[in-house]
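model_6.tsv (TSV, C-alpha atoms and all ligand atoms) appears below.
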```tsv
chain	number	residue	atom	x	y	z
A	1	MET	CA	0.00	0.00	0.00
A	2	PRO	CA	1.44	3.46	-0.83
A	3	LYS	CA	2.63	5.48	2.17
A	4	THR	CA	0.06	8.32	1.84
A	5	GLU	CA	-2.78	5.84	1.57
A	6	LYS	CA	-1.46	4.03	4.61
A	7	SER	CA	-1.21	7.17	6.72
A	8	SER	CA	-4.69	8.37	5.73
A	9	MET	CA	-6.00	4.91	6.67
A	10	SER	CA	-4.41	5.11	10.10
A	11	TRP	CA	-5.80	8.64	10.51
A	12	LEU	CA	-9.30	7.37	9.67
A	13	LEU	CA	-8.89	4.44	12.06
A	14	ARG	CA	-8.03	6.88	14.80
A	15	VAL	CA	-10.71	9.44	14.06
A	16	ILE	CA	-13.70	7.18	13.32
A	17	PRO	CA	-14.02	5.52	16.76
A	18	TRP	CA	-13.69	8.87	18.52
A	19	ASN	CA	-16.21	10.66	16.30
A	20	THR	CA	-18.59	7.72	16.64
A	21	THR	CA	-18.58	8.03	20.42
A	22	VAL	CA	-19.26	11.80	20.18
A	23	VAL	CA	-22.15	11.28	17.78
A	24	LEU	CA	-23.63	8.39	19.75
A	25	PHE	CA	-23.40	10.37	22.97
A	26	ALA	CA	-25.14	13.38	21.41
A	27	LEU	CA	-27.89	11.08	20.10
A	28	ALA	CA	-28.27	9.46	23.52
A	29	VAL	CA	-28.51	12.86	25.29
A	30	THR	CA	-31.14	14.04	22.79
A	31	ALA	CA	-33.15	10.82	23.22
A	32	VAL	CA	-32.97	11.04	27.03
A	33	LEU	CA	-34.04	14.69	27.01
A	34	LEU	CA	-36.92	14.10	24.58
A	35	LEU	CA	-38.14	11.12	26.61
A	36	GLY	CA	-37.71	13.11	29.87
A	37	VAL	CA	-39.69	16.06	28.51
A	38	HIS	CA	-42.34	13.63	27.23
A	39	TYR	CA	-42.70	11.94	30.67
A	40	TYR	CA	-42.75	15.34	32.37
A	41	MET	CA	-45.55	16.54	30.07
A	42	GLU	CA	-47.45	13.32	30.83
A	43	GLY	CA	-46.97	14.14	34.50
A	44	LEU	CA	-45.07	10.88	35.15
A	45	ILE	CA	-41.94	12.62	36.50
A	46	SER	CA	-41.30	15.91	38.25
A	47	ILE	CA	-39.05	18.71	36.90
A	48	GLY	CA	-36.50	17.72	39.61
A	49	THR	CA	-36.32	14.15	38.29
A	50	LEU	CA	-35.96	15.44	34.73
A	51	PHE	CA	-33.04	17.61	35.87
A	52	LEU	CA	-31.52	14.65	37.70
A	53	ILE	CA	-31.75	12.47	34.56
A	54	TYR	CA	-30.06	15.23	32.57
A	55	GLN	CA	-27.31	15.51	35.21
A	56	TYR	CA	-26.70	11.75	35.12
A	57	THR	CA	-26.30	11.74	31.34
A	58	GLN	CA	-23.83	14.64	31.61
A	59	MET	CA	-21.84	12.69	34.20
A	60	LEU	CA	-21.36	9.99	31.59
A	61	ASN	CA	-19.71	12.48	29.25
A	62	ASP	CA	-16.24	12.54	30.85
A	63	PRO	CA	-15.68	8.78	31.06
A	64	ILE	CA	-16.84	8.37	27.48
A	65	GLU	CA	-14.47	11.11	26.32
A	66	MET	CA	-11.67	9.44	28.25
A	67	LEU	CA	-12.47	6.16	26.60
A	68	GLY	CA	-12.33	7.89	23.21
A	69	ASP	CA	-8.92	9.33	24.11
A	70	GLN	CA	-7.67	5.93	25.17
A	71	VAL	CA	-8.79	4.40	21.89
A	72	GLN	CA	-6.98	7.17	20.05
A	73	GLU	CA	-3.79	6.61	22.08
A	74	PHE	CA	-4.02	2.91	21.42
A	75	GLN	CA	-4.32	3.48	17.67
A	76	LYS	CA	-1.31	5.82	17.75
A	77	ALA	CA	0.74	3.28	19.68
A	78	LYS	CA	-0.26	0.59	17.21
A	79	SER	CA	0.80	2.59	14.17
A	80	GLY	CA	4.04	3.53	15.99
A	81	MET	CA	4.68	-0.13	16.66
A	82	LEU	CA	4.10	-1.04	13.02
A	83	ARG	CA	6.51	1.71	11.92
A	84	SER	CA	9.19	0.54	14.37
A	85	ARG	CA	8.80	-2.99	13.09
A	86	GLU	CA	9.29	-1.72	9.55
A	87	LEU	CA	12.42	0.15	10.64
A	88	LEU	CA	13.83	-2.78	12.57
A	89	SER	CA	13.33	-5.10	9.62
A	90	MET	CA	15.41	-2.81	7.36
A	91	ARG	CA	18.78	-4.22	6.46
A	92	SER	CA	21.78	-2.17	5.37
A	93	GLU	CA	22.87	-2.67	1.78
A	94	ILE	CA	26.45	-2.58	3.00
A	95	GLU	CA	27.73	-6.09	3.59
A	96	GLU	CA	30.83	-6.24	5.70
A	97	GLY	CA	33.72	-8.61	5.16
A	98	LYS	CA	35.49	-10.85	7.64
A	99	GLU	CA	39.05	-9.56	7.49
A	100	GLU	CA	40.06	-7.98	10.81
A	101	GLN	CA	43.76	-7.33	10.31
A	102	LEU	CA	45.40	-4.39	8.61
A	103	PRO	CA	49.17	-3.76	8.52
A	104	GLN	CA	50.65	-1.74	11.39
A	105	GLY	CA	51.49	1.93	10.91
A	106	PRO	CA	50.27	4.35	8.24
A	107	LEU	CA	48.07	2.71	5.60
A	108	GLY	CA	48.40	3.02	1.83
A	109	LEU	CA	45.35	3.73	-0.31
A	110	GLU	CA	44.43	2.61	-3.80
A	111	PHE	CA	41.41	3.42	-5.95
A	112	SER	CA	41.08	1.24	-9.01
A	113	GLN	CA	38.47	1.95	-11.72
A	114	VAL	CA	36.04	3.29	-9.15
A	115	HIS	CA	32.58	4.25	-10.44
A	116	PHE	CA	29.88	5.55	-8.12
A	117	SER	CA	26.48	7.23	-8.30
A	118	TYR	CA	23.73	8.06	-5.79
A	119	ASN	CA	21.09	7.72	-8.51
A	120	PRO	CA	21.62	5.47	-11.54
A	121	ASP	CA	20.99	8.30	-14.02
A	122	LYS	CA	23.66	10.67	-12.65
A	123	PRO	CA	27.25	9.41	-12.31
A	124	VAL	CA	29.12	11.12	-9.47
A	125	LEU	CA	32.53	9.39	-9.68
A	126	GLN	CA	33.80	8.00	-12.96
A	127	ASP	CA	36.82	5.76	-13.41
A	128	ILE	CA	38.87	7.04	-10.48
A	129	ASN	CA	42.36	5.53	-10.35
A	130	PHE	CA	45.15	6.56	-8.00
A	131	THR	CA	47.54	5.19	-5.41
A	132	ILE	CA	49.08	6.84	-2.39
A	133	LYS	CA	51.81	5.19	-0.37
A	134	PRO	CA	51.72	4.77	3.43
A	135	GLY	CA	52.53	8.08	5.11
A	136	GLU	CA	51.93	10.22	2.01
A	137	ARG	CA	49.51	13.12	1.91
A	138	LEU	CA	47.10	13.65	-0.93
A	139	GLY	CA	45.35	16.97	-1.47
A	140	ILE	CA	42.12	16.83	-3.47
A	141	ILE	CA	40.76	19.97	-5.09
A	142	GLY	CA	37.88	20.62	-7.43
A	143	ARG	CA	34.86	22.80	-7.90
A	144	THR	CA	31.85	22.40	-5.70
A	145	GLY	CA	29.84	19.32	-6.66
A	146	SER	CA	32.81	17.67	-8.37
A	147	GLY	CA	32.53	14.62	-6.12
A	148	LYS	CA	35.19	15.25	-3.47
A	149	SER	CA	33.04	14.46	-0.44
A	150	SER	CA	31.48	11.52	-2.26
A	151	LEU	CA	34.95	10.07	-2.74
A	152	SER	CA	35.51	10.13	1.01
A	153	ARG	CA	32.08	8.62	1.68
A	154	VAL	CA	32.67	5.57	-0.53
A	155	LEU	CA	36.09	5.12	1.06
A	156	LEU	CA	34.39	4.79	4.46
A	157	ARG	CA	31.79	2.40	3.02
A	158	LEU	CA	28.87	4.72	3.62
A	159	TYR	CA	27.77	3.72	0.11
A	160	ASN	CA	28.49	0.75	-2.14
A	161	LEU	CA	30.47	1.32	-5.32
A	162	ASP	CA	28.85	0.72	-8.69
A	163	ARG	CA	32.10	-0.74	-9.96
A	164	GLY	CA	35.78	-0.89	-9.08
A	165	THR	CA	37.86	-1.54	-5.98
A	166	ILE	CA	39.20	0.52	-3.10
A	167	ARG	CA	42.11	-0.94	-1.15
A	168	VAL	CA	43.23	0.28	2.25
A	169	GLY	CA	46.56	-1.12	3.46
A	170	GLY	CA	46.42	-3.51	0.49
A	171	THR	CA	43.04	-5.02	1.48
A	172	ASP	CA	39.85	-4.55	-0.52
A	173	ILE	CA	37.55	-2.59	1.81
A	174	THR	CA	34.61	-4.88	1.01
A	175	GLU	CA	36.60	-7.76	2.54
A	176	LEU	CA	37.22	-5.84	5.77
A	177	SER	CA	34.91	-5.83	8.76
A	178	LEU	CA	33.49	-2.34	9.26
A	179	GLN	CA	34.94	-2.21	12.75
A	180	ALA	CA	38.43	-2.99	11.47
A	181	LEU	CA	38.06	-0.20	8.90
A	182	TYR	CA	36.70	2.40	11.34
A	183	ARG	CA	39.30	1.54	13.99
A	184	ARG	CA	42.09	2.59	11.64
A	185	VAL	CA	40.52	5.19	9.37
A	186	GLY	CA	39.40	8.53	10.76
A	187	MET	CA	37.33	11.12	8.97
A	188	VAL	CA	36.69	14.78	9.63
A	189	THR	CA	33.66	15.85	7.63
A	190	GLN	CA	32.67	19.30	6.35
A	191	ASP	CA	29.78	19.50	8.79
A	192	VAL	CA	30.82	18.31	12.20
A	193	GLN	CA	28.19	16.36	14.10
A	194	LEU	CA	27.76	17.39	17.73
A	195	PHE	CA	25.64	15.72	20.37
A	196	ASP	CA	23.85	17.21	23.34
A	197	GLY	CA	26.54	16.93	26.00
A	198	THR	CA	29.75	18.38	27.36
A	199	LEU	CA	32.82	19.14	25.28
A	200	ARG	CA	34.41	16.07	26.90
A	201	ASP	CA	31.53	13.75	25.88
A	202	ASN	CA	31.65	15.11	22.37
A	203	LEU	CA	35.40	14.60	22.10
A	204	THR	CA	35.45	11.07	23.49
A	205	LEU	CA	32.06	10.10	22.02
A	206	PHE	CA	30.96	9.12	25.53
A	207	ASN	CA	33.87	6.68	25.90
A	208	SER	CA	34.83	6.90	29.59
A	209	ASP	CA	38.10	5.04	28.95
A	210	VAL	CA	39.52	8.25	27.51
A	211	SER	CA	40.88	10.15	30.49
A	212	ASP	CA	41.10	13.92	30.85
A	213	HIS	CA	44.86	13.42	30.94
A	214	MET	CA	44.78	11.87	27.45
A	215	ILE	CA	42.59	14.68	26.17
A	216	LYS	CA	44.97	17.23	27.66
A	217	GLU	CA	48.00	15.54	26.12
A	218	THR	CA	46.34	15.38	22.70
A	219	THR	CA	45.09	18.93	22.73
A	220	ASP	CA	48.53	20.13	23.90
A	221	ARG	CA	50.09	18.34	20.95
A	222	LEU	CA	47.56	19.80	18.55
A	223	GLY	CA	47.97	23.23	20.09
A	224	LEU	CA	44.31	23.36	21.04
A	225	SER	CA	44.44	23.37	24.85
A	226	GLN	CA	44.27	27.13	24.84
A	227	TRP	CA	41.11	27.03	22.78
A	228	ILE	CA	39.51	24.48	25.12
A	229	ASP	CA	40.57	26.49	28.19
A	230	SER	CA	39.01	29.57	26.65
A	231	GLN	CA	35.61	27.85	26.58
A	232	PRO	CA	33.44	28.99	29.52
A	233	GLN	CA	33.80	25.80	31.57
A	234	GLY	CA	36.68	24.09	29.78
A	235	LEU	CA	35.94	20.44	29.06
A	236	ASP	CA	32.68	20.70	30.99
A	237	THR	CA	31.29	23.33	28.61
A	238	TYR	CA	27.91	22.18	27.43
A	239	LEU	CA	27.41	21.87	23.67
A	240	ALA	CA	24.01	21.74	22.05
A	241	ALA	CA	23.28	19.24	19.28
A	242	GLY	CA	23.66	20.71	15.81
A	243	GLY	CA	26.80	22.64	16.69
A	244	ALA	CA	25.28	26.12	16.61
A	245	SER	CA	27.55	27.09	19.49
A	246	LEU	CA	30.77	26.60	17.48
A	247	SER	CA	32.08	28.44	14.44
A	248	ALA	CA	32.97	26.41	11.32
A	249	GLY	CA	36.66	26.65	12.16
A	250	GLU	CA	36.18	25.74	15.81
A	251	ALA	CA	34.03	22.77	14.84
A	252	GLN	CA	36.86	21.55	12.62
A	253	LEU	CA	39.46	21.98	15.36
A	254	PHE	CA	37.18	20.06	17.58
A	255	ALA	CA	36.62	17.28	15.05
A	256	LEU	CA	40.38	17.00	14.49
A	257	THR	CA	40.89	16.42	18.21
A	258	ARG	CA	38.14	13.83	18.22
A	259	VAL	CA	39.77	11.93	15.36
A	260	PHE	CA	43.25	12.35	16.84
A	261	LEU	CA	42.14	10.65	20.06
A	262	THR	CA	41.41	7.49	18.05
A	263	GLU	CA	45.01	7.45	16.69
A	264	PRO	CA	44.07	6.66	13.08
A	265	SER	CA	46.44	5.29	10.44
A	266	LEU	CA	44.59	6.94	7.56
A	267	VAL	CA	42.90	10.29	7.95
A	268	ILE	CA	40.40	11.84	5.57
A	269	LEU	CA	39.86	15.51	6.14
A	270	ASP	CA	37.07	17.35	4.36
A	271	GLU	CA	37.78	21.01	5.01
A	272	PRO	CA	34.94	23.46	5.50
A	273	SER	CA	34.42	25.58	2.41
A	274	SER	CA	33.61	28.69	4.44
A	275	ARG	CA	36.31	31.24	5.15
A	276	LEU	CA	38.04	31.10	8.52
A	277	ASP	CA	39.71	33.90	10.43
A	278	ALA	CA	43.52	33.99	10.35
A	279	ALA	CA	43.99	32.80	13.97
A	280	THR	CA	41.70	29.78	13.59
A	281	GLU	CA	43.24	29.00	10.21
A	282	GLY	CA	46.70	28.96	11.77
A	283	MET	CA	45.59	26.65	14.56
A	284	LEU	CA	43.80	24.39	12.09
A	285	GLN	CA	46.88	24.17	9.89
A	286	SER	CA	49.24	23.17	12.69
A	287	ALA	CA	46.67	20.70	14.03
A	288	ILE	CA	46.41	19.10	10.58
A	289	ASP	CA	50.22	18.86	10.37
A	290	GLN	CA	50.36	17.15	13.76
A	291	LEU	CA	47.53	14.79	12.95
A	292	MET	CA	49.07	13.68	9.68
A	293	LYS	CA	52.51	12.96	11.19
A	294	GLN	CA	51.69	9.38	12.09
A	295	SER	CA	49.24	8.63	9.35
A	296	THR	CA	48.48	8.72	5.67
A	297	GLY	CA	46.33	11.73	4.81
A	298	VAL	CA	43.67	12.55	2.26
A	299	ILE	CA	42.84	16.23	2.49
A	300	ILE	CA	39.96	17.70	0.57
A	301	ALA	CA	41.28	21.22	0.48
A	302	HIS	CA	39.50	24.51	0.14
A	303	ARG	CA	42.49	26.65	1.09
A	304	LEU	CA	45.81	27.05	-0.69
A	305	ALA	CA	47.65	26.97	2.66
A	306	THR	CA	46.63	23.34	3.24
A	307	LEU	CA	47.99	22.29	-0.12
A	308	GLU	CA	51.52	23.53	0.68
A	309	LYS	CA	52.11	20.52	2.90
A	310	VAL	CA	50.79	17.72	0.68
A	311	ASP	CA	52.91	15.33	-1.41
A	312	ARG	CA	50.42	14.72	-4.19
A	313	ILE	CA	47.59	16.65	-5.70
A	314	MET	CA	44.46	15.45	-7.44
A	315	VAL	CA	42.14	17.77	-9.31
A	316	LEU	CA	38.61	16.47	-9.66
A	317	GLY	CA	36.14	17.79	-12.21
A	318	ASP	CA	32.64	16.38	-12.75
A	319	GLY	CA	33.59	13.18	-11.01
A	320	LYS	CA	36.69	12.55	-13.13
A	321	VAL	CA	40.37	12.91	-12.31
A	322	LEU	CA	41.55	15.91	-14.33
A	323	GLU	CA	45.05	15.90	-12.90
A	324	PHE	CA	47.07	13.76	-10.51
A	325	GLY	CA	50.72	14.10	-9.64
A	326	ALA	CA	53.47	15.09	-7.24
A	327	ARG	CA	52.83	18.60	-5.93
A	328	GLU	CA	56.27	19.92	-6.91
A	329	GLU	CA	56.00	18.57	-10.45
A	330	LEU	CA	52.58	20.11	-10.92
A	331	ALA	CA	53.75	23.41	-9.43
A	332	SER	CA	56.62	23.62	-11.92
A	333	ASN	CA	54.45	22.76	-14.91
A	334	PRO	CA	52.80	26.04	-15.96
A	335	ALA	CA	50.09	24.18	-17.90
A	336	SER	CA	48.79	22.36	-14.81
A	337	HIS	CA	45.61	23.34	-12.99
A	338	TYR	CA	47.55	23.56	-9.74
A	339	ALA	CA	50.18	25.93	-11.17
A	340	ARG	CA	47.42	28.15	-12.57
A	341	LEU	CA	45.80	28.17	-9.19
A	342	LEU	CA	49.08	29.19	-7.55
A	343	ILE	CA	49.53	32.02	-10.04
A	344	THR	CA	46.02	33.43	-9.67
A	345	GLY	CA	46.03	32.69	-5.92
A	346	ARG	CA	42.29	32.59	-6.17
A	347	GLU	CA	41.22	30.21	-3.44
A	348	GLU	CA	37.64	30.56	-4.49
A	349	GLU	CA	38.54	28.51	-7.56
A	350	LEU	CA	39.08	25.60	-5.20
A	351	ALA	CA	35.62	25.79	-3.82
B	1	LIG	N1	23.22	12.20	-0.69
B	1	LIG	C1	23.20	12.52	-1.99
B	1	LIG	N2	22.23	12.07	-2.80
B	1	LIG	C2	22.20	12.38	-4.13
B	1	LIG	N3	23.13	13.15	-4.72
B	1	LIG	C3	24.12	13.64	-3.97
B	1	LIG	C4	24.21	13.35	-2.56
B	1	LIG	N4	25.32	13.97	-2.06
B	1	LIG	C5	25.88	14.61	-3.10
B	1	LIG	N5	25.17	14.41	-4.23
B	1	LIG	C6	25.53	14.93	-5.58
B	1	LIG	O1	26.77	14.38	-5.96
B	1	LIG	C7	27.60	15.34	-6.58
B	1	LIG	C8	28.93	15.45	-5.84
B	1	LIG	O2	28.70	15.95	-4.53
B	1	LIG	P1	29.84	16.10	-3.44
B	1	LIG	O3	29.19	16.41	-2.16
B	1	LIG	O4	30.71	14.90	-3.49
B	1	LIG	O5	30.61	17.39	-3.99
B	1	LIG	P2	31.87	18.14	-3.38
B	1	LIG	O6	32.93	18.08	-4.42
B	1	LIG	O7	32.20	17.60	-2.04
B	1	LIG	O8	31.35	19.64	-3.25
B	1	LIG	P3	31.74	20.79	-2.15
B	1	LIG	O9	33.04	21.39	-2.61
B	1	LIG	O10	30.63	21.78	-2.28
B	1	LIG	O11	31.80	20.16	-0.82
B	1	LIG	C9	26.80	16.63	-6.61
B	1	LIG	O12	26.25	16.77	-7.90
B	1	LIG	C10	25.72	16.43	-5.57
B	1	LIG	O13	24.55	17.09	-5.97
B	2	MG	MG	32.03	18.40	-0.12
```
Would it be possible to restate this file's structure as structure tokens?
Ligand SMILES: Nc1ncnc2c1ncn2[C@@H]1O[C@H](COP(=O)(O)OP(=O)(O)OP(=O)(O)O)[C@@H](O)[C@H]1O
Ligand SMILES: [Mg+2]
Amino acid sequence: MPKTEKSSMSWLLRVIPWNTTVVLFALAVTAVLLLGVHYYMEGLISIGTLFLIYQYTQMLNDPIEMLGDQVQEFQKAKSGMLRSRELLSMRSEIEEGKEEQLPQGPLGLEFSQVHFSYNPDKPVLQDINFTIKPGERLGIIGRTGSGKSSLSRVLLRLYNLDRGTIRVGGTDITELSLQALYRRVGMVTQDVQLFDGTLRDNLTLFNSDVSDHMIKETTDRLGLSQWIDSQPQGLDTYLAAGGASLSAGEAQLFALTRVFLTEPSLVILDEPSSRLDAATEGMLQSAIDQLMKQSTGVIIAHRLATLEKVDRIMVLGDGKVLEFGAREELASNPASHYARLLITGREEELA
């Protein structure tokens, strides 16, 4: 049954019993009154008795209304239950593999003939091929909508590929268990997800094994302790879900710390496309440098400053690789996209 039909059915099921009780009650009151008036006219009952009969029928009103409410609640609960059952019976399209082990240390990454689309009629990634060695940093640039974030999503198995293979540390990601993948690969997304809770809860994702000492050590290393100390109650500062209380740059600093605490071997960083102030940008840059020291890095860059530290650069356009190469080589080739970008210095071209 189509969804709209289903919901209008459940609405009818809820409304009909309630309306029926109202109508029946009104009919009953009318009948009682008519009969009462008739008996009074006949002289069989006094006006006092008639009033009493009317009072008694009114006293029935509340319980009947309550009953109607209960029926309504019951119907709501029933449709809720059916919906939960539908949800619980949903199965993810992502099937995880069995492999648990990945090599120690930074992990290499390989995309081989990767094709991906959200909807079959609109390809988002087309024939993506590249390799980065363990410990290397790749900077990805491209206009908005070119498929940069999508590339990071398929790498984390948020979607299945249409075709092709992605290997992390030499293992096809479809053969890995999701836990093994997430334990070693960290991602900082463009929009940082925050939960209702303290800064500490949000950093550790409610994992009480992470001590304040560890947080302090990490934030010291990232150069963020000052930022945390400047929050009204330090680690106990309350953050509202949705992240309205943090600026785009702060949210990224925060997300970097969160990922850093998991000590990943491959980090994917999707920079915010909005402009940051110079101080936050500086902090963000040194935090990124620190984070990438012990891991392989894929940085989706929106700022030229980030690209200065990468080993390789990929330019994406309409889901295809327009350019891929060592940063220095591309910089010295005046015909390359990257060199043109350096000359114009127009960061907005990255966005
Ligand atoms: N969840 C989705 N469902 C359907 N289409 C999507 C979805 N997410 C992105 N797209 C489409 O896929 C294409 C690539 O989007 P993507 O988010 O990867 O771009 P991007 O390069 O990260 O852009 P930006 O620089 O603005 O972050 C776009 O055409 C976009 O409209
Ligand atoms: Mg994006």
Would you list the residues that come within 12 Å of ligand MG 2 (chain B)? Count only C-alpha atoms and all ligand atoms and give the answer as a PyMOL selection string.
-> chain A and resi 140-153+188-191+269-274+299-302+316+350-351
Grab the residues selected above and save them as a PDB file, in the coordinates of the input with C-alpha atoms.
```pdb
ATOM      1  CA  ILE A 140      42.120  16.830  -3.470  1.00  0.00           C
ATOM      2  CA  ILE A 141      40.760  19.970  -5.090  1.00  0.00           C
ATOM      3  CA  GLY A 142      37.880  20.620  -7.430  1.00  0.00           C
ATOM      4  CA  ARG A 143      34.860  22.800  -7.900  1.00  0.00           C
ATOM      5  CA  THR A 144      31.850  22.400  -5.700  1.00  0.00           C
ATOM      6  CA  GLY A 145      29.840  19.320  -6.660  1.00  0.00           C
ATOM      7  CA  SER A 146      32.810  17.670  -8.370  1.00  0.00           C
ATOM      8  CA  GLY A 147      32.530  14.620  -6.120  1.00  0.00           C
ATOM      9  CA  LYS A 148      35.190  15.250  -3.470  1.00  0.00           C
ATOM     10  CA  SER A 149      33.040  14.460  -0.440  1.00  0.00           C
ATOM     11  CA  SER A 150      31.480  11.520  -2.260  1.00  0.00           C
ATOM     12  CA  LEU A 151      34.950  10.070  -2.740  1.00  0.00           C
ATOM     13  CA  SER A 152      35.510  10.130   1.010  1.00  0.00           C
ATOM     14  CA  ARG A 153      32.080   8.620   1.680  1.00  0.00           C
ATOM     15  CA  VAL A 188      36.690  14.780   9.630  1.00  0.00           C
ATOM     16  CA  THR A 189      33.660  15.850   7.630  1.00  0.00           C
ATOM     17  CA  GLN A 190      32.670  19.300   6.350  1.00  0.00           C
ATOM     18  CA  ASP A 191      29.780  19.500   8.790  1.00  0.00           C
ATOM     19  CA  LEU A 269      39.860  15.510   6.140  1.00  0.00           C
ATOM     20  CA  ASP A 270      37.070  17.350   4.360  1.00  0.00           C
ATOM     21  CA  GLU A 271      37.780  21.010   5.010  1.00  0.00           C
ATOM     22  CA  PRO A 272      34.940  23.460   5.500  1.00  0.00           C
ATOM     23  CA  SER A 273      34.420  25.580   2.410  1.00  0.00           C
ATOM     24  CA  SER A 274      33.610  28.690   4.440  1.00  0.00           C
ATOM     25  CA  ILE A 299      42.840  16.230   2.490  1.00  0.00           C
ATOM     26  CA  ILE A 300      39.960  17.700   0.570  1.00  0.00           C
ATOM     27  CA  ALA A 301      41.280  21.220   0.480  1.00  0.00           C
ATOM     28  CA  HIS A 302      39.500  24.510   0.140  1.00  0.00           C
ATOM     29  CA  LEU A 316      38.610  16.470  -9.660  1.00  0.00           C
ATOM     30  CA  LEU A 350      39.080  25.600  -5.200  1.00  0.00           C
ATOM     31  CA  ALA A 351      35.620  25.790  -3.820  1.00  0.00           C
TER      32      ALA A 351
END
```
Between A:Leu125, A:Ala77, A:Leu342, A:Leu155, which one has atoms that come closest to ligand LIG 1 (chain B), using all atoms listed in the file?
->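 For ligand LIG 1 (chain B), the nearest of the candidates is A:Leu125.
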What lies within 7 Å of Val185 of chain A using only C-alpha atoms, ignoring chain neighbours under 5 positions off, as an NGL selection string?
-> :A and (264-267)
Write to file, as a tab-separated table (two decimals), keeping the file's coordinate frame, the residues of the selection just made, with C-alpha atoms.
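Generated file (again03.tsv):
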```
chain	number	residue	atom	x	y	z
A	264	PRO	CA	44.07	6.66	13.08
A	265	SER	CA	46.44	5.29	10.44
A	266	LEU	CA	44.59	6.94	7.56
A	267	VAL	CA	42.90	10.29	7.95
```
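Among the candidate residues A:Glu281, A:Thr344, A:Ala305, A:Asn160, the one lying nearest to Glu93 of chain A is A:Asn160, with distances computed using all atoms listed in the file.
Between atom CA of His115 of chain A and atom CA of Asp127 of chain A there is a distance of 5.4 Å.
Checking A:Ile313, A:Leu33, A:Leu224, A:Ile166 one by one against Thr280 of chain A, counting all atoms listed in the file, you find the shortest gap at A:Leu224.
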Pick the closest to ligand LIG 1 (chain B) from A:Phe130, A:Tyr39, A:Tyr54, A:Tyr159: which is it, counting only C-alpha atoms and all ligand atoms?
->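 Ranked by minimum distance to ligand LIG 1 (chain B), first place goes to A:Tyr159.
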Pairwise distance for atom CA of Thr257 of chain A and atom CA of Leu291 of chain A, rounded to one decimal in Å | 8.6 Å
What separation in Å, quoted to one decimal, exists between atom CA of Ile53 of chain A and atom CA of Val32 of chain A?
->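 We find that atom CA of Ile53 of chain A and atom CA of Val32 of chain A lie 7.8 Å from each other.
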With all atoms listed in the file as the atoms that count, which of A:Asp209, A:Asp229, A:Asp121, A:Glu73 lies nearest to ligand LIG 1 (chain B)?
->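 Of A:Asp209, A:Asp229, A:Asp121, A:Glu73, the one nearest ligand LIG 1 (chain B) is A:Asp121, counting all atoms listed in the file.
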Under the rule of at most 10 Å, produce a per-residue listing of segment 104-160 of chain A near segment 172-184 of chain A: chain, number, name, the closest pair of atoms, and the distance in Å, as a Markdown table, using all atoms listed in the file.
```
| residue | atom | partner | partner_atom | distance |
| --- | --- | --- | --- | --- |
| A:Gln104 | CA | A:Arg184 | CA | 9.6 |
| A:Gly105 | CA | A:Arg184 | CA | 9.5 |
| A:Pro106 | CA | A:Arg184 | CA | 9.0 |
| A:Leu107 | CA | A:Arg184 | CA | 8.5 |
| A:Leu109 | CA | A:Asp172 | CA | 9.9 |
| A:Glu110 | CA | A:Asp172 | CA | 9.1 |
| A:Phe111 | CA | A:Asp172 | CA | 9.8 |
| A:Val154 | CA | A:Ile173 | CA | 9.8 |
| A:Leu155 | CA | A:Ile173 | CA | 7.9 |
| A:Leu156 | CA | A:Leu181 | CA | 7.6 |
| A:Arg157 | CA | A:Ile173 | CA | 7.7 |
| A:Asn160 | CA | A:Thr174 | CA | 8.9 |
```
Residue among A:Ser225, A:Thr30, A:Asn333, A:Gln126 lying closest to ligand LIG 1 (chain B), counting only C-alpha atoms and all ligand atoms =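 Smallest distance to ligand LIG 1 (chain B) is found for A:Gln126.
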Using only the atoms of segment 329-348 of chain A listed in the file, plus 6 Å on each side, state the axis-aligned box centre and edge lengths in Å rounded to one decimal, as AutoDock Vina command-line options.
```
--center_x 47.1 --center_y 26.0 --center_z -10.7 --size_x 31.0 --size_y 26.9 --size_z 26.5
```
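Shell of Ala28 of chain A at 10 Å, with only C-alpha atoms counted and residues fewer than 6 places along the chain excluded, is Val22, Leu34 and Thr57 of chain A.
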Polymer residues at most 10 Å from (51.4, 15.2, -5.7) by all atoms listed in the file, as an NGL selection string | :A and (132 or 136-140 or 307 or 310-314 or 323-331)
With 7 Å as the threshold, what does the neighbourhood of (33.7, 18.7, 28.2) contain in terms of residues, counting all atoms listed in the file? Coordinates are those of the file; answer as a short mmCIF file (atom, residue, chain, number, x, y, z; two decimals) with C-alpha atoms, keeping the file's coordinate frame.
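Final output, point_4.cif:
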```cif
data_model
loop_
_atom_site.label_atom_id
_atom_site.label_comp_id
_atom_site.auth_asym_id
_atom_site.auth_seq_id
_atom_site.Cartn_x
_atom_site.Cartn_y
_atom_site.Cartn_z
CA THR A 198 29.75 18.38 27.36
CA LEU A 199 32.82 19.14 25.28
CA ARG A 200 34.41 16.07 26.90
CA ASP A 201 31.53 13.75 25.88
CA GLY A 234 36.68 24.09 29.78
CA LEU A 235 35.94 20.44 29.06
CA ASP A 236 32.68 20.70 30.99
CA THR A 237 31.29 23.33 28.61
CA TYR A 238 27.91 22.18 27.43
#
```
